[in-house]
>>> print(open('data.cif').read())   # mmCIF, C-alpha atoms and all ligand atoms
data_upload
loop_
_atom_site.label_atom_id
_atom_site.label_comp_id
_atom_site.auth_asym_id
_atom_site.auth_seq_id
_atom_site.Cartn_x
_atom_site.Cartn_y
_atom_site.Cartn_z
CA MET A 1 29.26 -38.97 41.61
CA THR A 2 32.77 -38.59 40.18
CA GLU A 3 33.81 -37.50 36.68
CA LYS A 4 34.03 -41.17 35.80
CA THR A 5 30.50 -42.14 36.77
CA GLN A 6 26.94 -41.39 35.74
CA ARG A 7 23.62 -41.94 37.50
CA LEU A 8 21.61 -45.01 36.43
CA GLU A 9 17.95 -45.53 37.31
CA ILE A 10 16.02 -48.66 36.31
CA ILE A 11 12.29 -48.30 36.87
CA THR A 12 9.26 -50.47 36.07
CA PRO A 13 5.55 -49.69 36.59
CA GLU A 14 5.82 -51.80 39.75
CA ARG A 15 9.01 -50.61 41.42
CA LYS A 16 12.43 -49.02 41.37
CA VAL A 17 14.79 -51.86 40.43
CA TYR A 18 18.09 -50.00 40.70
CA SER A 19 19.48 -46.57 41.40
CA GLY A 20 23.21 -45.90 41.60
CA ASP A 21 26.37 -44.42 40.14
CA VAL A 22 27.94 -46.47 37.36
CA ARG A 23 30.94 -46.33 35.07
CA PHE A 24 29.36 -48.01 32.07
CA VAL A 25 26.01 -49.46 31.07
CA VAL A 26 24.92 -51.50 28.06
CA VAL A 27 21.23 -51.82 27.13
CA PRO A 28 19.49 -53.94 24.46
CA GLY A 29 18.23 -51.32 22.00
CA VAL A 30 15.71 -52.39 19.35
CA GLU A 31 18.38 -51.89 16.70
CA GLY A 32 21.24 -53.44 18.68
CA GLU A 33 23.16 -52.92 21.90
CA LEU A 34 23.77 -49.38 23.12
CA GLY A 35 26.63 -48.62 25.50
CA PHE A 36 26.80 -45.47 27.62
CA LEU A 37 29.88 -43.97 29.23
CA PRO A 38 29.53 -40.90 31.48
CA HIS A 39 28.59 -37.62 29.77
CA HIS A 40 26.96 -39.28 26.80
CA ALA A 41 25.01 -37.08 24.38
CA PRO A 42 21.24 -36.86 24.99
CA LEU A 43 19.29 -39.76 23.51
CA VAL A 44 15.98 -41.61 23.65
CA SER A 45 15.61 -45.16 22.31
CA ALA A 46 13.16 -48.04 22.46
CA LEU A 47 14.45 -51.18 24.19
CA ASP A 48 14.15 -54.84 23.21
CA ILE A 49 13.73 -57.87 25.45
CA GLY A 50 17.27 -58.67 26.58
CA VAL A 51 20.04 -58.24 29.10
CA MET A 52 21.57 -55.04 30.46
CA ARG A 53 25.16 -55.00 31.75
CA VAL A 54 25.95 -52.57 34.52
CA GLN A 55 29.49 -51.69 35.63
CA GLU A 56 29.76 -50.00 38.99
CA GLU A 57 33.05 -48.85 40.51
CA ASN A 58 33.84 -52.29 41.95
CA ARG A 59 31.43 -54.80 40.47
CA THR A 60 29.53 -55.71 37.34
CA PHE A 61 26.06 -57.22 37.20
CA LYS A 62 23.29 -58.01 34.74
CA VAL A 63 19.62 -57.06 34.58
CA ALA A 64 17.01 -58.83 32.44
CA ILE A 65 14.46 -56.46 30.90
CA SER A 66 11.44 -57.07 28.70
CA GLY A 67 11.28 -53.96 26.56
CA GLY A 68 10.75 -50.28 27.33
CA PHE A 69 12.63 -47.06 26.77
CA VAL A 70 15.95 -45.50 27.71
CA GLU A 71 16.57 -41.79 28.11
CA VAL A 72 20.05 -40.30 28.47
CA ARG A 73 20.45 -36.68 29.58
CA ASN A 74 22.62 -34.65 31.97
CA ASN A 75 24.89 -37.60 32.88
CA ARG A 76 21.84 -39.67 33.82
CA VAL A 77 20.59 -42.88 32.19
CA VAL A 78 16.95 -43.71 32.92
CA VAL A 79 15.65 -47.13 31.87
CA LEU A 80 11.85 -47.40 31.94
CA ALA A 81 11.17 -51.10 31.48
CA ARG A 82 8.04 -53.24 31.20
CA THR A 83 9.69 -55.64 33.67
CA ALA A 84 13.24 -55.75 35.03
CA GLU A 85 15.03 -58.13 37.38
CA ARG A 86 18.59 -57.88 38.65
CA GLU A 87 20.47 -61.15 38.25
CA ASP A 88 20.30 -61.84 42.00
CA GLU A 89 16.48 -61.60 41.88
CA ILE A 90 15.86 -63.98 39.01
CA ASP A 91 14.16 -67.28 39.77
CA ARG A 92 15.98 -69.63 37.40
CA GLU A 93 13.50 -72.49 37.84
CA ARG A 94 10.63 -70.19 36.95
CA ALA A 95 12.42 -69.00 33.80
CA LEU A 96 13.21 -72.61 32.82
CA ALA A 97 9.52 -73.52 33.25
CA ALA A 98 8.44 -70.48 31.17
CA LYS A 99 10.93 -71.49 28.47
CA ALA A 100 9.63 -75.08 28.39
CA ARG A 101 6.00 -73.87 28.22
CA ALA A 102 6.71 -71.49 25.35
CA GLU A 103 8.71 -74.10 23.43
CA GLU A 104 5.92 -76.62 23.88
CA ARG A 105 3.37 -74.15 22.52
CA LEU A 106 5.54 -73.26 19.54
CA LYS A 107 6.12 -76.95 18.77
CA ALA A 108 2.42 -77.84 18.93
CA ARG A 109 1.33 -74.91 16.72
CA THR A 110 -2.33 -75.72 17.25
CA PRO A 111 -4.74 -73.10 15.82
CA ASP A 112 -5.60 -71.70 19.26
CA ILE A 113 -1.96 -70.80 19.99
CA ASP A 114 -0.89 -67.19 19.74
CA ILE A 115 2.52 -67.66 18.11
CA VAL A 116 3.76 -64.13 18.68
CA ARG A 117 2.82 -64.32 22.35
CA ALA A 118 4.67 -67.62 22.75
CA GLU A 119 7.72 -66.24 20.94
CA LEU A 120 7.82 -63.20 23.23
CA ALA A 121 7.45 -65.40 26.33
CA LEU A 122 10.35 -67.55 25.07
CA LYS A 123 12.48 -64.46 24.47
CA ARG A 124 11.80 -63.18 28.01
CA ALA A 125 12.69 -66.56 29.52
CA LEU A 126 15.93 -66.76 27.48
CA ALA A 127 16.92 -63.23 28.56
CA ARG A 128 16.38 -64.16 32.24
CA LEU A 129 18.42 -67.33 31.84
CA LYS A 130 21.20 -65.41 30.10
CA ALA A 131 21.25 -62.87 32.92
CA VAL A 132 21.81 -65.60 35.54
CA SER A 133 24.21 -67.72 33.49
P1 LIG B 201 6.00 -66.26 33.82
O1 LIG B 201 5.25 -67.07 32.79
O2 LIG B 201 6.96 -67.07 34.62
O3 LIG B 201 5.11 -65.37 34.66
P2 LIG B 201 6.52 -64.00 32.12
O4 LIG B 201 7.62 -63.73 31.15
O5 LIG B 201 5.16 -64.15 31.52
O6 LIG B 201 6.94 -65.28 32.97
P3 LIG B 201 6.32 -61.28 32.98
O7 LIG B 201 4.92 -60.96 32.56
O8 LIG B 201 7.41 -60.77 32.07
O9 LIG B 201 6.48 -62.86 33.22
O10 LIG B 201 6.60 -60.73 34.46
C1 LIG B 201 5.63 -60.73 35.48
C2 LIG B 201 6.30 -60.39 36.80
O11 LIG B 201 7.08 -61.50 37.26
C3 LIG B 201 7.28 -59.21 36.71
O12 LIG B 201 7.24 -58.53 37.93
C4 LIG B 201 8.63 -59.88 36.52
O13 LIG B 201 9.66 -59.07 37.00
C5 LIG B 201 8.46 -61.15 37.34
N1 LIG B 201 9.20 -62.32 36.82
C6 LIG B 201 8.91 -63.03 35.72
N2 LIG B 201 9.74 -64.08 35.57
C7 LIG B 201 10.61 -64.01 36.62
C8 LIG B 201 11.72 -64.82 37.05
N3 LIG B 201 12.13 -65.91 36.37
N4 LIG B 201 12.36 -64.46 38.19
C9 LIG B 201 11.97 -63.37 38.88
N5 LIG B 201 10.94 -62.57 38.54
C10 LIG B 201 10.26 -62.88 37.42
#
>>> encode(input="data.cif", output="structure tokens")
Amino acid sequence: MTEKTQRLEIITPERKVYSGDVRFVVVPGVEGELGFLPHHAPLVSALDIGVMRVQEENRTFKVAISGGFVEVRNNRVVVLARTAEREDEIDRERALAAKARAEERLKARTPDIDIVRAELALKRALARLKAVS
């Protein structure tokens, strides 16, 4: 790790999604995007469903996450996410199908539909599509 980088770990209950040294990382905080350069002040924040942007020394990539927490301390950013997929792991067809299903449910609005659940599913699908776009 150089002066210009910080350690980033992205972890879900299922697996370690990413671990590496990065120059800059942006996460979807519940109150807006949060960007971290190396040696950021300590912080803990809740995360929204959305897209992370990760800048390594020589490449930039995106990660779709569906909520969780971020902790920043000692030049280390730890993202604990409900789910997380790097852009190269995302199945676009699956996200398109999830989007269509959620939109269909929201359009029908029959009494048995859980609106909040459908809205969250739609938001997850849109985040995955944004990450691969
Ligand atoms: P679906 O209805 O397609 O399952 P979902 O939003 O309900 O979508 P989640 O509950 O958020 O799915 O995720 C379940 C698991 O599937 C997690 O491990 C997540 O990383 C993975 N996953 C979900 N959608 C995709 C996708 N489009 N591409 C790759 N992995 C995905």
>>> atom_distance(input="data.cif", atom1="atom CA of Leu96 of chain A", atom2="atom CA of Leu47 of chain A")
23.1 Å
>>> closest_residue(input="data.cif", among="A:Glu89, A:Arg109, A:Val26, A:Arg117", to="ligand LIG 201 (chain B)", atoms="only C-alpha atoms and all ligand atoms")
A:Glu89
>>> residues_around(input="data.cif", residues="Thr60 of chain A", least_positions_apart="5", cutoff="12 Å", atoms="all atoms listed in the file", output="PyMOL selection string")
chain A and resi 22-26+52-55+86-87+131
>>> atom_distance(input="data.cif", atom1="atom CA of Ser19 of chain A", atom2="atom CA of Leu37 of chain A")
16.2 Å
>>> residues_around(input="data.cif", residues="segment 65-72 of chain A", least_positions_apart="2", cutoff="6 Å", atoms="only C-alpha atoms", output="MDAnalysis selection string")
chainID A and resid 42:50 76:84
>>> residues_near_ligand(input="data.cif", ligand="ligand LIG 201 (chain B)", cutoff="9 Å", atoms="all atoms listed in the file", output="PDB file with C-alpha atoms, in the coordinates of the input")
ATOM      1  CA  THR A  12       9.260 -50.470  36.070  1.00  0.00           C
ATOM      2  CA  GLU A  14       5.820 -51.800  39.750  1.00  0.00           C
ATOM      3  CA  ARG A  15       9.010 -50.610  41.420  1.00  0.00           C
ATOM      4  CA  ALA A  64      17.010 -58.830  32.440  1.00  0.00           C
ATOM      5  CA  ILE A  65      14.460 -56.460  30.900  1.00  0.00           C
ATOM      6  CA  SER A  66      11.440 -57.070  28.700  1.00  0.00           C
ATOM      7  CA  ARG A  82       8.040 -53.240  31.200  1.00  0.00           C
ATOM      8  CA  THR A  83       9.690 -55.640  33.670  1.00  0.00           C
ATOM      9  CA  ALA A  84      13.240 -55.750  35.030  1.00  0.00           C
ATOM     10  CA  GLU A  85      15.030 -58.130  37.380  1.00  0.00           C
ATOM     11  CA  ARG A  86      18.590 -57.880  38.650  1.00  0.00           C
ATOM     12  CA  GLU A  87      20.470 -61.150  38.250  1.00  0.00           C
ATOM     13  CA  GLU A  89      16.480 -61.600  41.880  1.00  0.00           C
ATOM     14  CA  ILE A  90      15.860 -63.980  39.010  1.00  0.00           C
ATOM     15  CA  ASP A  91      14.160 -67.280  39.770  1.00  0.00           C
ATOM     16  CA  ARG A  92      15.980 -69.630  37.400  1.00  0.00           C
ATOM     17  CA  GLU A  93      13.500 -72.490  37.840  1.00  0.00           C
ATOM     18  CA  ARG A  94      10.630 -70.190  36.950  1.00  0.00           C
ATOM     19  CA  ALA A  95      12.420 -69.000  33.800  1.00  0.00           C
ATOM     20  CA  LEU A  96      13.210 -72.610  32.820  1.00  0.00           C
ATOM     21  CA  ALA A  97       9.520 -73.520  33.250  1.00  0.00           C
ATOM     22  CA  ALA A  98       8.440 -70.480  31.170  1.00  0.00           C
ATOM     23  CA  LYS A  99      10.930 -71.490  28.470  1.00  0.00           C
ATOM     24  CA  ARG A 101       6.000 -73.870  28.220  1.00  0.00           C
ATOM     25  CA  ALA A 102       6.710 -71.490  25.350  1.00  0.00           C
ATOM     26  CA  LEU A 120       7.820 -63.200  23.230  1.00  0.00           C
ATOM     27  CA  ALA A 121       7.450 -65.400  26.330  1.00  0.00           C
ATOM     28  CA  LEU A 122      10.350 -67.550  25.070  1.00  0.00           C
ATOM     29  CA  LYS A 123      12.480 -64.460  24.470  1.00  0.00           C
ATOM     30  CA  ARG A 124      11.800 -63.180  28.010  1.00  0.00           C
ATOM     31  CA  ALA A 125      12.690 -66.560  29.520  1.00  0.00           C
ATOM     32  CA  ARG A 128      16.380 -64.160  32.240  1.00  0.00           C
ATOM     33  CA  LEU A 129      18.420 -67.330  31.840  1.00  0.00           C
TER      34      LEU A 129
END
>>> atom_distance(input="data.cif", atom1="atom CA of Ala118 of chain A", atom2="atom CA of Pro28 of chain A")
20.2 Å
>>> closest_residue(input="data.cif", among="A:Lys16, A:Lys4, A:Val51, A:Asn75", to="Val63 of chain A", atoms="only C-alpha atoms")
A:Val51
>>> closest_residue(input="data.cif", among="A:Glu57, A:Glu3, A:Leu34, A:Asp88", to="Val17 of chain A", atoms="only C-alpha atoms")
A:Asp88
>>> closest_residue(input="data.cif", among="A:Pro13, A:Pro38, A:Pro111, A:Gly32", to="Glu56 of chain A", atoms="only C-alpha atoms")
A:Pro38
>>> closest_residue(input="data.cif", among="A:His39, A:Lys62, A:Arg73, A:Arg105", to="Val132 of chain A", atoms="all atoms listed in the file")
A:Lys62
>>> decode(input="data.cif", residues="segment 114-129 of chain A", atoms="all heavy atoms", output="PDB file, in the first residue's frame")
ATOM      1  N   ASP A 114     -47.054  -6.907  -1.978  1.00  0.00           N
ATOM      2  CA  ASP A 114     -46.312  -6.131  -0.997  1.00  0.00           C
ATOM      3  C   ASP A 114     -45.561  -5.039  -1.787  1.00  0.00           C
ATOM      4  O   ASP A 114     -44.542  -5.307  -2.423  1.00  0.00           O
ATOM      5  CB  ASP A 114     -45.348  -7.065  -0.261  1.00  0.00           C
ATOM      6  CG  ASP A 114     -44.580  -6.342   0.829  1.00  0.00           C
ATOM      7  OD1 ASP A 114     -44.458  -5.104   0.770  1.00  0.00           O
ATOM      8  OD2 ASP A 114     -44.098  -7.021   1.732  1.00  0.00           O
ATOM      9  N   ILE A 115     -46.103  -3.834  -1.730  1.00  0.00           N
ATOM     10  CA  ILE A 115     -45.565  -2.734  -2.547  1.00  0.00           C
ATOM     11  C   ILE A 115     -44.110  -2.422  -2.190  1.00  0.00           C
ATOM     12  O   ILE A 115     -43.261  -2.269  -3.073  1.00  0.00           O
ATOM     13  CB  ILE A 115     -46.417  -1.444  -2.344  1.00  0.00           C
ATOM     14  CG1 ILE A 115     -47.871  -1.682  -2.780  1.00  0.00           C
ATOM     15  CG2 ILE A 115     -45.814  -0.260  -3.094  1.00  0.00           C
ATOM     16  CD1 ILE A 115     -48.054  -1.890  -4.246  1.00  0.00           C
ATOM     17  N   VAL A 116     -43.844  -2.338  -0.901  1.00  0.00           N
ATOM     18  CA  VAL A 116     -42.481  -1.990  -0.476  1.00  0.00           C
ATOM     19  C   VAL A 116     -41.487  -3.035  -0.978  1.00  0.00           C
ATOM     20  O   VAL A 116     -40.417  -2.707  -1.482  1.00  0.00           O
ATOM     21  CB  VAL A 116     -42.402  -1.857   1.063  1.00  0.00           C
ATOM     22  CG1 VAL A 116     -40.969  -1.673   1.518  1.00  0.00           C
ATOM     23  CG2 VAL A 116     -43.252  -0.676   1.521  1.00  0.00           C
ATOM     24  N   ARG A 117     -41.889  -4.298  -0.875  1.00  0.00           N
ATOM     25  CA  ARG A 117     -41.010  -5.377  -1.334  1.00  0.00           C
ATOM     26  C   ARG A 117     -40.738  -5.265  -2.835  1.00  0.00           C
ATOM     27  O   ARG A 117     -39.597  -5.432  -3.289  1.00  0.00           O
ATOM     28  CB  ARG A 117     -41.672  -6.711  -0.992  1.00  0.00           C
ATOM     29  CG  ARG A 117     -40.793  -7.885  -1.239  1.00  0.00           C
ATOM     30  CD  ARG A 117     -41.435  -9.141  -0.719  1.00  0.00           C
ATOM     31  NE  ARG A 117     -40.865 -10.289  -1.381  1.00  0.00           N
ATOM     32  CZ  ARG A 117     -41.372 -11.511  -1.332  1.00  0.00           C
ATOM     33  NH1 ARG A 117     -42.477 -11.746  -0.650  1.00  0.00           N
ATOM     34  NH2 ARG A 117     -40.785 -12.494  -1.965  1.00  0.00           N
ATOM     35  N   ALA A 118     -41.786  -4.962  -3.592  1.00  0.00           N
ATOM     36  CA  ALA A 118     -41.622  -4.812  -5.048  1.00  0.00           C
ATOM     37  C   ALA A 118     -40.744  -3.605  -5.373  1.00  0.00           C
ATOM     38  O   ALA A 118     -39.898  -3.657  -6.276  1.00  0.00           O
ATOM     39  CB  ALA A 118     -42.990  -4.687  -5.720  1.00  0.00           C
ATOM     40  N   GLU A 119     -40.926  -2.524  -4.610  1.00  0.00           N
ATOM     41  CA  GLU A 119     -40.111  -1.323  -4.861  1.00  0.00           C
ATOM     42  C   GLU A 119     -38.633  -1.593  -4.564  1.00  0.00           C
ATOM     43  O   GLU A 119     -37.753  -1.125  -5.297  1.00  0.00           O
ATOM     44  CB  GLU A 119     -40.619  -0.157  -3.998  1.00  0.00           C
ATOM     45  CG  GLU A 119     -41.873   0.474  -4.593  1.00  0.00           C
ATOM     46  CD  GLU A 119     -42.528   1.513  -3.681  1.00  0.00           C
ATOM     47  OE1 GLU A 119     -42.141   1.606  -2.499  1.00  0.00           O
ATOM     48  OE2 GLU A 119     -43.428   2.205  -4.156  1.00  0.00           O
ATOM     49  N   LEU A 120     -38.378  -2.341  -3.517  1.00  0.00           N
ATOM     50  CA  LEU A 120     -36.977  -2.661  -3.180  1.00  0.00           C
ATOM     51  C   LEU A 120     -36.362  -3.584  -4.238  1.00  0.00           C
ATOM     52  O   LEU A 120     -35.199  -3.412  -4.614  1.00  0.00           O
ATOM     53  CB  LEU A 120     -36.895  -3.300  -1.792  1.00  0.00           C
ATOM     54  CG  LEU A 120     -37.196  -2.355  -0.621  1.00  0.00           C
ATOM     55  CD1 LEU A 120     -37.256  -3.122   0.688  1.00  0.00           C
ATOM     56  CD2 LEU A 120     -36.164  -1.241  -0.533  1.00  0.00           C
ATOM     57  N   ALA A 121     -37.159  -4.546  -4.714  1.00  0.00           N
ATOM     58  CA  ALA A 121     -36.665  -5.460  -5.763  1.00  0.00           C
ATOM     59  C   ALA A 121     -36.341  -4.665  -7.026  1.00  0.00           C
ATOM     60  O   ALA A 121     -35.322  -4.906  -7.689  1.00  0.00           O
ATOM     61  CB  ALA A 121     -37.706  -6.529  -6.050  1.00  0.00           C
ATOM     62  N   LEU A 122     -37.203  -3.689  -7.346  1.00  0.00           N
ATOM     63  CA  LEU A 122     -36.973  -2.844  -8.531  1.00  0.00           C
ATOM     64  C   LEU A 122     -35.679  -2.035  -8.343  1.00  0.00           C
ATOM     65  O   LEU A 122     -34.850  -1.952  -9.264  1.00  0.00           O
ATOM     66  CB  LEU A 122     -38.168  -1.911  -8.745  1.00  0.00           C
ATOM     67  CG  LEU A 122     -38.057  -0.939  -9.914  1.00  0.00           C
ATOM     68  CD1 LEU A 122     -37.850  -1.680 -11.230  1.00  0.00           C
ATOM     69  CD2 LEU A 122     -39.309  -0.060 -10.005  1.00  0.00           C
ATOM     70  N   LYS A 123     -35.506  -1.488  -7.161  1.00  0.00           N
ATOM     71  CA  LYS A 123     -34.307  -0.680  -6.895  1.00  0.00           C
ATOM     72  C   LYS A 123     -33.029  -1.530  -7.013  1.00  0.00           C
ATOM     73  O   LYS A 123     -32.020  -1.077  -7.566  1.00  0.00           O
ATOM     74  CB  LYS A 123     -34.437  -0.071  -5.485  1.00  0.00           C
ATOM     75  CG  LYS A 123     -33.573   1.135  -5.261  1.00  0.00           C
ATOM     76  CD  LYS A 123     -33.963   1.862  -3.981  1.00  0.00           C
ATOM     77  CE  LYS A 123     -32.906   2.876  -3.616  1.00  0.00           C
ATOM     78  NZ  LYS A 123     -33.190   3.612  -2.383  1.00  0.00           N
ATOM     79  N   ARG A 124     -33.083  -2.763  -6.526  1.00  0.00           N
ATOM     80  CA  ARG A 124     -31.913  -3.655  -6.650  1.00  0.00           C
ATOM     81  C   ARG A 124     -31.608  -3.952  -8.120  1.00  0.00           C
ATOM     82  O   ARG A 124     -30.457  -3.918  -8.549  1.00  0.00           O
ATOM     83  CB  ARG A 124     -32.158  -4.986  -5.923  1.00  0.00           C
ATOM     84  CG  ARG A 124     -32.194  -4.890  -4.413  1.00  0.00           C
ATOM     85  CD  ARG A 124     -32.066  -6.260  -3.756  1.00  0.00           C
ATOM     86  NE  ARG A 124     -33.147  -7.180  -4.075  1.00  0.00           N
ATOM     87  CZ  ARG A 124     -34.323  -7.254  -3.437  1.00  0.00           C
ATOM     88  NH1 ARG A 124     -34.580  -6.436  -2.429  1.00  0.00           N
ATOM     89  NH2 ARG A 124     -35.244  -8.144  -3.781  1.00  0.00           N
ATOM     90  N   ALA A 125     -32.672  -4.238  -8.879  1.00  0.00           N
ATOM     91  CA  ALA A 125     -32.478  -4.552 -10.302  1.00  0.00           C
ATOM     92  C   ALA A 125     -31.898  -3.348 -11.043  1.00  0.00           C
ATOM     93  O   ALA A 125     -30.975  -3.494 -11.864  1.00  0.00           O
ATOM     94  CB  ALA A 125     -33.810  -4.979 -10.923  1.00  0.00           C
ATOM     95  N   LEU A 126     -32.410  -2.149 -10.739  1.00  0.00           N
ATOM     96  CA  LEU A 126     -31.913  -0.939 -11.419  1.00  0.00           C
ATOM     97  C   LEU A 126     -30.448  -0.670 -11.052  1.00  0.00           C
ATOM     98  O   LEU A 126     -29.661  -0.255 -11.905  1.00  0.00           O
ATOM     99  CB  LEU A 126     -32.796   0.262 -11.064  1.00  0.00           C
ATOM    100  CG  LEU A 126     -34.217   0.226 -11.645  1.00  0.00           C
ATOM    101  CD1 LEU A 126     -35.054   1.386 -11.116  1.00  0.00           C
ATOM    102  CD2 LEU A 126     -34.197   0.236 -13.180  1.00  0.00           C
ATOM    103  N   ALA A 127     -30.080  -0.929  -9.806  1.00  0.00           N
ATOM    104  CA  ALA A 127     -28.682  -0.736  -9.391  1.00  0.00           C
ATOM    105  C   ALA A 127     -27.779  -1.700 -10.160  1.00  0.00           C
ATOM    106  O   ALA A 127     -26.704  -1.326 -10.638  1.00  0.00           O
ATOM    107  CB  ALA A 127     -28.546  -0.951  -7.882  1.00  0.00           C
ATOM    108  N   ARG A 128     -28.220  -2.959 -10.317  1.00  0.00           N
ATOM    109  CA  ARG A 128     -27.397  -3.948 -11.048  1.00  0.00           C
ATOM    110  C   ARG A 128     -27.265  -3.545 -12.515  1.00  0.00           C
ATOM    111  O   ARG A 128     -26.178  -3.670 -13.094  1.00  0.00           O
ATOM    112  CB  ARG A 128     -28.026  -5.335 -10.892  1.00  0.00           C
ATOM    113  CG  ARG A 128     -27.832  -5.870  -9.487  1.00  0.00           C
ATOM    114  CD  ARG A 128     -28.541  -7.162  -9.200  1.00  0.00           C
ATOM    115  NE  ARG A 128     -28.206  -7.609  -7.848  1.00  0.00           N
ATOM    116  CZ  ARG A 128     -29.100  -7.973  -6.925  1.00  0.00           C
ATOM    117  NH1 ARG A 128     -30.394  -7.988  -7.204  1.00  0.00           N
ATOM    118  NH2 ARG A 128     -28.711  -8.325  -5.718  1.00  0.00           N
ATOM    119  N   LEU A 129     -28.350  -3.051 -13.078  1.00  0.00           N
ATOM    120  CA  LEU A 129     -28.285  -2.639 -14.492  1.00  0.00           C
ATOM    121  C   LEU A 129     -27.390  -1.413 -14.658  1.00  0.00           C
ATOM    122  O   LEU A 129     -26.632  -1.313 -15.632  1.00  0.00           O
ATOM    123  CB  LEU A 129     -29.696  -2.365 -15.018  1.00  0.00           C
ATOM    124  CG  LEU A 129     -30.563  -3.624 -15.132  1.00  0.00           C
ATOM    125  CD1 LEU A 129     -32.017  -3.265 -15.414  1.00  0.00           C
ATOM    126  CD2 LEU A 129     -30.023  -4.546 -16.233  1.00  0.00           C
TER     127      LEU A 129
END
